[in-house]
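What's in upload_38.txt: compact mmCIF, C-alpha atoms
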```txt
# COMPACT_ATOMS: atom_id res chain seq x y z
CA MET Y 1 -11.48 73.81 -91.46
CA VAL Y 2 -8.11 72.62 -90.17
CA ILE Y 3 -8.13 71.26 -86.64
CA GLU Y 4 -5.03 70.38 -84.65
CA VAL Y 5 -4.70 69.47 -80.97
CA VAL Y 6 -1.99 70.07 -78.39
CA ARG Y 7 -1.84 67.96 -75.23
CA ILE Y 8 -0.17 69.80 -72.36
CA GLY Y 9 1.47 67.63 -69.76
CA GLN Y 10 0.92 64.10 -68.67
CA ARG Y 11 0.93 62.43 -65.29
CA VAL Y 12 3.62 59.83 -65.84
CA VAL Y 13 2.39 56.25 -66.43
CA ARG Y 14 -1.09 57.07 -65.12
CA ASP Y 15 -2.03 59.10 -68.20
CA ASP Y 16 -0.64 56.89 -71.00
CA ARG Y 17 -4.07 55.49 -71.72
CA VAL Y 18 -5.82 58.87 -71.39
CA THR Y 19 -3.32 60.57 -73.71
CA THR Y 20 -3.69 57.72 -76.22
CA HIS Y 21 -7.45 58.25 -76.14
CA VAL Y 22 -7.06 62.02 -76.59
CA ALA Y 23 -5.04 61.20 -79.73
CA LEU Y 24 -7.62 58.63 -80.92
CA VAL Y 25 -10.49 61.09 -80.48
CA SER Y 26 -8.47 63.80 -82.23
CA ARG Y 27 -7.83 61.48 -85.17
CA GLY Y 28 -11.29 59.93 -85.37
CA PHE Y 29 -13.10 63.25 -85.03
CA GLY Y 30 -11.21 64.97 -87.83
CA ALA Y 31 -8.06 66.63 -86.47
CA GLU Y 32 -4.99 66.47 -88.68
CA ARG Y 33 -2.32 66.42 -85.97
CA ILE Y 34 -1.67 66.26 -82.26
CA TYR Y 35 1.30 67.81 -80.49
CA MET Y 36 2.33 66.17 -77.24
CA THR Y 37 4.66 66.97 -74.37
CA GLU Y 38 6.03 64.46 -71.84
CA VAL Y 39 4.76 61.37 -73.60
CA ASN Y 40 5.46 57.67 -73.79
CA PRO Y 41 6.78 57.05 -77.35
CA GLU Y 42 4.59 53.93 -77.63
CA ILE Y 43 1.59 56.24 -78.09
CA LYS Y 44 2.96 57.39 -81.45
CA GLU Y 45 3.49 53.75 -82.50
CA THR Y 46 -0.10 52.92 -81.54
CA ILE Y 47 -1.47 55.78 -83.64
CA GLU Y 48 0.73 54.81 -86.59
CA LYS Y 49 -0.69 51.26 -86.42
CA ILE Y 50 -4.23 52.69 -86.37
CA ASN Y 51 -3.44 54.86 -89.43
CA ASN Y 52 -1.97 51.85 -91.21
CA THR Y 53 -5.08 49.73 -90.63
CA TRP Y 54 -7.87 52.27 -90.66
CA GLY Y 55 -6.36 54.82 -93.06
CA GLY Y 56 -5.60 58.48 -92.83
CA ASN Y 57 -2.59 60.70 -92.38
CA PHE Y 58 -3.05 61.80 -88.77
CA GLN Y 59 0.28 62.94 -87.32
CA VAL Y 60 1.67 62.72 -83.79
CA GLU Y 61 4.41 65.23 -83.08
CA PHE Y 62 6.41 65.30 -79.84
CA ILE Y 63 7.30 68.79 -78.68
CA GLU Y 64 9.41 70.28 -75.92
CA LYS Y 65 7.37 73.43 -75.24
CA TRP Y 66 3.65 73.79 -75.79
CA LYS Y 67 3.91 77.58 -75.65
CA THR Y 68 6.08 77.66 -78.79
CA VAL Y 69 3.47 75.70 -80.75
CA VAL Y 70 0.60 77.85 -79.50
CA LYS Y 71 2.38 81.10 -80.37
CA LYS Y 72 3.43 79.88 -83.85
CA LYS Y 73 -0.11 78.72 -84.61
CA LYS Y 74 -1.51 82.09 -83.50
CA GLU Y 75 0.94 83.82 -85.85
CA LYS Y 76 -0.37 81.62 -88.68
CA GLY Y 77 -3.95 82.68 -87.98
CA PHE Y 78 -5.11 79.69 -85.94
CA LYS Y 79 -7.63 80.39 -83.20
CA ILE Y 80 -6.67 78.78 -79.91
CA VAL Y 81 -9.43 76.87 -78.09
CA HIS Y 82 -8.55 75.86 -74.55
CA LEU Y 83 -10.79 73.19 -73.06
CA SER Y 84 -11.35 74.06 -69.41
CA MET Y 85 -14.02 73.17 -66.89
CA TYR Y 86 -14.04 76.86 -66.00
CA GLY Y 87 -14.49 78.34 -69.45
CA GLU Y 88 -17.38 79.84 -71.36
CA SER Y 89 -20.21 77.36 -71.93
CA ILE Y 90 -19.89 75.36 -75.13
CA ASN Y 91 -23.56 76.17 -75.75
CA ASP Y 92 -22.61 79.84 -76.04
CA ALA Y 93 -19.35 79.39 -77.99
CA GLU Y 94 -19.90 76.50 -80.42
CA VAL Y 95 -21.30 78.50 -83.37
CA GLU Y 96 -18.55 81.12 -83.30
CA ILE Y 97 -15.80 78.49 -82.94
CA GLY Y 98 -17.36 76.39 -85.70
CA ASN Y 99 -17.09 79.35 -88.08
CA GLU Y 100 -13.33 79.69 -87.59
CA GLU Y 101 -10.96 78.59 -90.38
CA ASN Y 102 -8.15 76.97 -88.37
CA LEU Y 103 -8.22 75.75 -84.79
CA LEU Y 104 -5.67 74.55 -82.29
CA ILE Y 105 -7.45 72.84 -79.41
CA VAL Y 106 -5.52 72.73 -76.13
CA VAL Y 107 -6.20 69.75 -73.88
CA GLY Y 108 -4.54 69.78 -70.48
CA ALA Y 109 -3.75 66.92 -68.15
CA GLU Y 110 -3.18 68.19 -64.66
CA LYS Y 111 -3.44 71.86 -63.71
CA VAL Y 112 -2.51 73.91 -66.78
CA PRO Y 113 -0.38 77.06 -66.56
CA ARG Y 114 -2.36 80.29 -66.12
CA GLU Y 115 -0.76 81.61 -69.31
CA ILE Y 116 -2.85 79.31 -71.53
CA TYR Y 117 -6.01 81.12 -70.39
CA GLU Y 118 -4.47 84.37 -71.62
CA LEU Y 119 -3.13 82.96 -74.91
CA ALA Y 120 -6.41 81.27 -75.82
CA ASP Y 121 -8.95 82.97 -78.04
CA TYR Y 122 -11.61 80.77 -76.45
CA ASN Y 123 -11.64 79.15 -73.02
CA VAL Y 124 -14.47 76.64 -73.34
CA GLY Y 125 -16.16 74.50 -70.72
CA VAL Y 126 -18.16 71.41 -71.54
CA GLY Y 127 -20.63 70.94 -68.71
CA ASN Y 128 -20.42 72.30 -65.21
CA GLN Y 129 -19.21 69.22 -63.35
CA PRO Y 130 -15.83 67.45 -63.24
CA HIS Y 131 -15.41 65.29 -66.33
CA SER Y 132 -12.88 63.69 -68.64
CA GLU Y 133 -10.79 65.69 -71.09
CA ILE Y 134 -11.47 62.90 -73.59
CA SER Y 135 -15.22 63.48 -73.46
CA ALA Y 136 -14.78 67.27 -73.57
CA LEU Y 137 -12.65 67.00 -76.72
CA ALA Y 138 -15.14 64.68 -78.42
CA ILE Y 139 -18.10 66.90 -77.57
CA LEU Y 140 -16.35 70.07 -78.74
CA MET Y 141 -15.21 68.50 -82.02
CA ASP Y 142 -18.65 67.08 -82.69
CA ARG Y 143 -20.45 70.33 -81.93
CA ILE Y 144 -18.22 72.53 -84.10
CA GLN Y 145 -18.33 70.15 -87.06
CA LYS Y 146 -22.02 69.26 -86.67
CA GLY Y 147 -21.35 65.54 -87.16
CA LYS Y 148 -19.77 65.99 -90.60
CA GLN Y 149 -16.51 64.46 -89.34
CA PHE Y 150 -18.21 61.06 -89.42
CA GLU Y 151 -18.70 61.33 -93.19
CA LYS Y 152 -14.96 61.69 -93.78
CA GLU Y 153 -13.24 59.00 -95.80
CA PHE Y 154 -9.82 57.94 -94.52
CA PRO Y 155 -7.45 57.34 -97.46
CA ASN Y 156 -5.56 54.05 -97.76
CA ALA Y 157 -7.75 52.27 -95.22
CA LYS Y 158 -7.35 48.51 -95.04
CA LYS Y 159 -10.48 48.28 -92.88
CA LYS Y 160 -13.64 50.35 -92.77
CA ILE Y 161 -16.59 50.08 -90.42
CA ILE Y 162 -19.92 49.98 -92.23
CA PRO Y 163 -22.65 51.33 -89.94
CA THR Y 164 -25.29 48.71 -89.26
CA LYS Y 165 -28.27 48.57 -86.95
CA ASN Y 166 -27.40 45.12 -85.64
CA GLY Y 167 -24.13 43.25 -85.48
CA LYS Y 168 -20.72 44.19 -86.72
CA ASN Y 169 -19.82 44.99 -90.32
CA VAL Y 170 -16.19 45.65 -91.17
CA GLN Y 171 -15.16 45.95 -94.80
CA VAL Y 172 -11.65 44.57 -95.34
CA LYS Y 173 -9.76 45.72 -98.39
CA GLU Y 174 -7.78 42.96 -100.02
CA THR Y 175 -4.07 43.72 -100.23
CA ARG Y 176 -1.42 42.11 -102.31
CA ASP Y 177 1.82 41.17 -100.59
```
Could you write out this file's structure as C-alpha cells?
Amino acid sequence: MVIEVVRIGQRVVRDDRVTTHVALVSRGFGAERIYMTEVNPEIKETIEKINNTWGGNFQVEFIEKWKTVVKKKKEKGFKIVHLSMYGESINDAEVEIGNEENLLIVVGAEKVPREIYELADYNVGVGNQPHSEISALAILMDRIQKGKQFEKEFPNAKKKIIPTKNGKNVQVKETRD
C-alpha cells in the first residue's frame, strides 16, 4: 500500500507546529510523501534532519494548488481520503479503506473548500467531537494498517528506538567521518 498525504492550507505562523506534526505523523506512520501548500520552508528542513538521523526517504513537496495533486493522483488510481469531522465514521470505513492499493489522505487546516468533499472517494470522521487533525491522521493511519507501520525499518537510520518496558533505549549506529 502506498500512502501519501496532502495538507491543505495553513493559518500563518499559528500552524507551523501543527503542520510539522502532520508531516511527522505522516512519516512515522508509513506515508511516503506529504504535499503542502502555504508553508514555512523550515518545516521541510526539519523533516530532512529527521530523515537524516532516524532514516527513511520521506519526501516533503511544496505545491501551489492542492486540486492539481488530488486530480493527478485520482488519474493514477489513488483513492482520496478526506479527513473531516463530518464524514463517515472511521469504524464503518476503515476496512474498505485499508483494502485500497494507493491512498492520498487530505488533511485540512481551516475550513476546506467544498470541492474536496466531492473529489474524495472517502470523507472520514474520527470521533464525533472537535479534535486535532494530527490525532485524526494518526488514528486513520493506524487503523488502516493495523499497527504494521510500527514494524517498518527505516533505511540508513543513524538512530533507532528499541522498545523497552522501562527507561529509554536508543541504538546509535556508528558512522565514519
* Straight-line distance linking atom CA of Y:Glu94 with atom CA of Y:Gly108, stated in Å to one decimal -> 19.5 Å
* Structure fact -> The residue from Y:Asp92, Y:Glu45, Y:Glu153, Y:Glu174 with the smallest atom-to-atom distance to Y:Gly125, counting all atoms listed in the file, is Y:Asp92
* With all atoms listed in the file as the atoms that count, which of Y:Arg17, Y:Phe78, Y:Lys173, Y:Ile139 lies nearest to Y:Ile161? ->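 Distance minimum relative to Y:Ile161 lands on Y:Lys173.
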* In the coordinates of the file, take the point (-10.6, 75.9, -87.1) and a cut-off of 10 Å; then, counting all atoms listed in the file, name each qualifying protein, DNA or RNA residue as a list in words. =>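 Residues with an atom at most 10 Å from (-10.6, 75.9, -87.1): Met1, Val2, Ile3, Glu4, Ala31, Gly77, Phe78, Lys79, Ile80, Val81, Ile97, Gly98, Asn99, Glu100, Glu101, Asn102, Leu103, Leu104, Ile105, Ile144 and Gln145 of chain Y.
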* Tell me, in Å to one decimal, how far atom CA of Y:Ile43 is from atom CA of Y:Glu61. => 10.7 Å
* If you measure from atom CA of Y:Phe58 to atom CA of Y:Asp121, what distance in Å do you get, rounded to one decimal? ->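 Between these atoms lies a distance of 24.5 Å.
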* **Shell of 8 Å around stretch 63-75 of chain Y, only C-alpha atoms, local chain residues under 6 positions omitted, as JSON, numbers by chain** => {"Y": [6, 8, 35, 36, 37, 38, 104, 119]}
Taking (-10.6, 66.8, -82.8) in the file's coordinates as the center, which residues reach within 7 Å of it, counting only C-alpha atoms, put as an mmCIF file with C-alpha atoms, keeping the file's coordinate frame?
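Result went into result-v6.cif, see below:
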```
data_model
loop_
_atom_site.group_PDB
_atom_site.id
_atom_site.type_symbol
_atom_site.label_atom_id
_atom_site.label_comp_id
_atom_site.auth_asym_id
_atom_site.auth_seq_id
_atom_site.Cartn_x
_atom_site.Cartn_y
_atom_site.Cartn_z
ATOM 1 C CA ILE Y 3 -8.130 71.260 -86.640
ATOM 2 C CA GLU Y 4 -5.030 70.380 -84.650
ATOM 3 C CA VAL Y 5 -4.700 69.470 -80.970
ATOM 4 C CA VAL Y 25 -10.490 61.090 -80.480
ATOM 5 C CA SER Y 26 -8.470 63.800 -82.230
ATOM 6 C CA ARG Y 27 -7.830 61.480 -85.170
ATOM 7 C CA PHE Y 29 -13.100 63.250 -85.030
ATOM 8 C CA GLY Y 30 -11.210 64.970 -87.830
ATOM 9 C CA ALA Y 31 -8.060 66.630 -86.470
ATOM 10 C CA LEU Y 137 -12.650 67.000 -76.720
ATOM 11 C CA ALA Y 138 -15.140 64.680 -78.420
ATOM 12 C CA MET Y 141 -15.210 68.500 -82.020
#
```
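Ranking Y:Gln149, Y:Thr53, Y:Asp142, Y:Val39 by their shortest atom-to-atom distance to Y:Val172, with only C-alpha atoms included, puts Y:Thr53 first.
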* Asked: So, counting all atoms listed in the file, which residue among Y:Lys160, Y:Arg33, Y:His21, Y:His131 is closest to Y:Thr46?
  -> Y:His21
* Find, counting only C-alpha atoms, the residue in Y:Ala120, Y:Val112, Y:Asn91, Y:Thr164 that gets nearest to Y:Arg143. =>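 Answer, going by the shortest atom-to-atom distance: Y:Asn91.
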* Asked: Quick one: residues within 12 Å of Y:Pro130, only C-alpha atoms counted, chain neighbours fewer than 3 positions away excluded, as a list of chain:residue names?
  ->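 Neighbouring residues, sequence-local ones excluded: Y:Ser84, Y:Met85, Y:Tyr86, Y:Gly125, Y:Val126, Y:Gly127, Y:Glu133, Y:Ser135, Y:Ala136.
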* **Closest of Y:Glu151, Y:His82, Y:Lys49, Y:Val170 to Y:Arg7 - atom-to-atom distances counting all atoms listed in the file** =>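 Result for the nearest residue to Y:Arg7: Y:His82.
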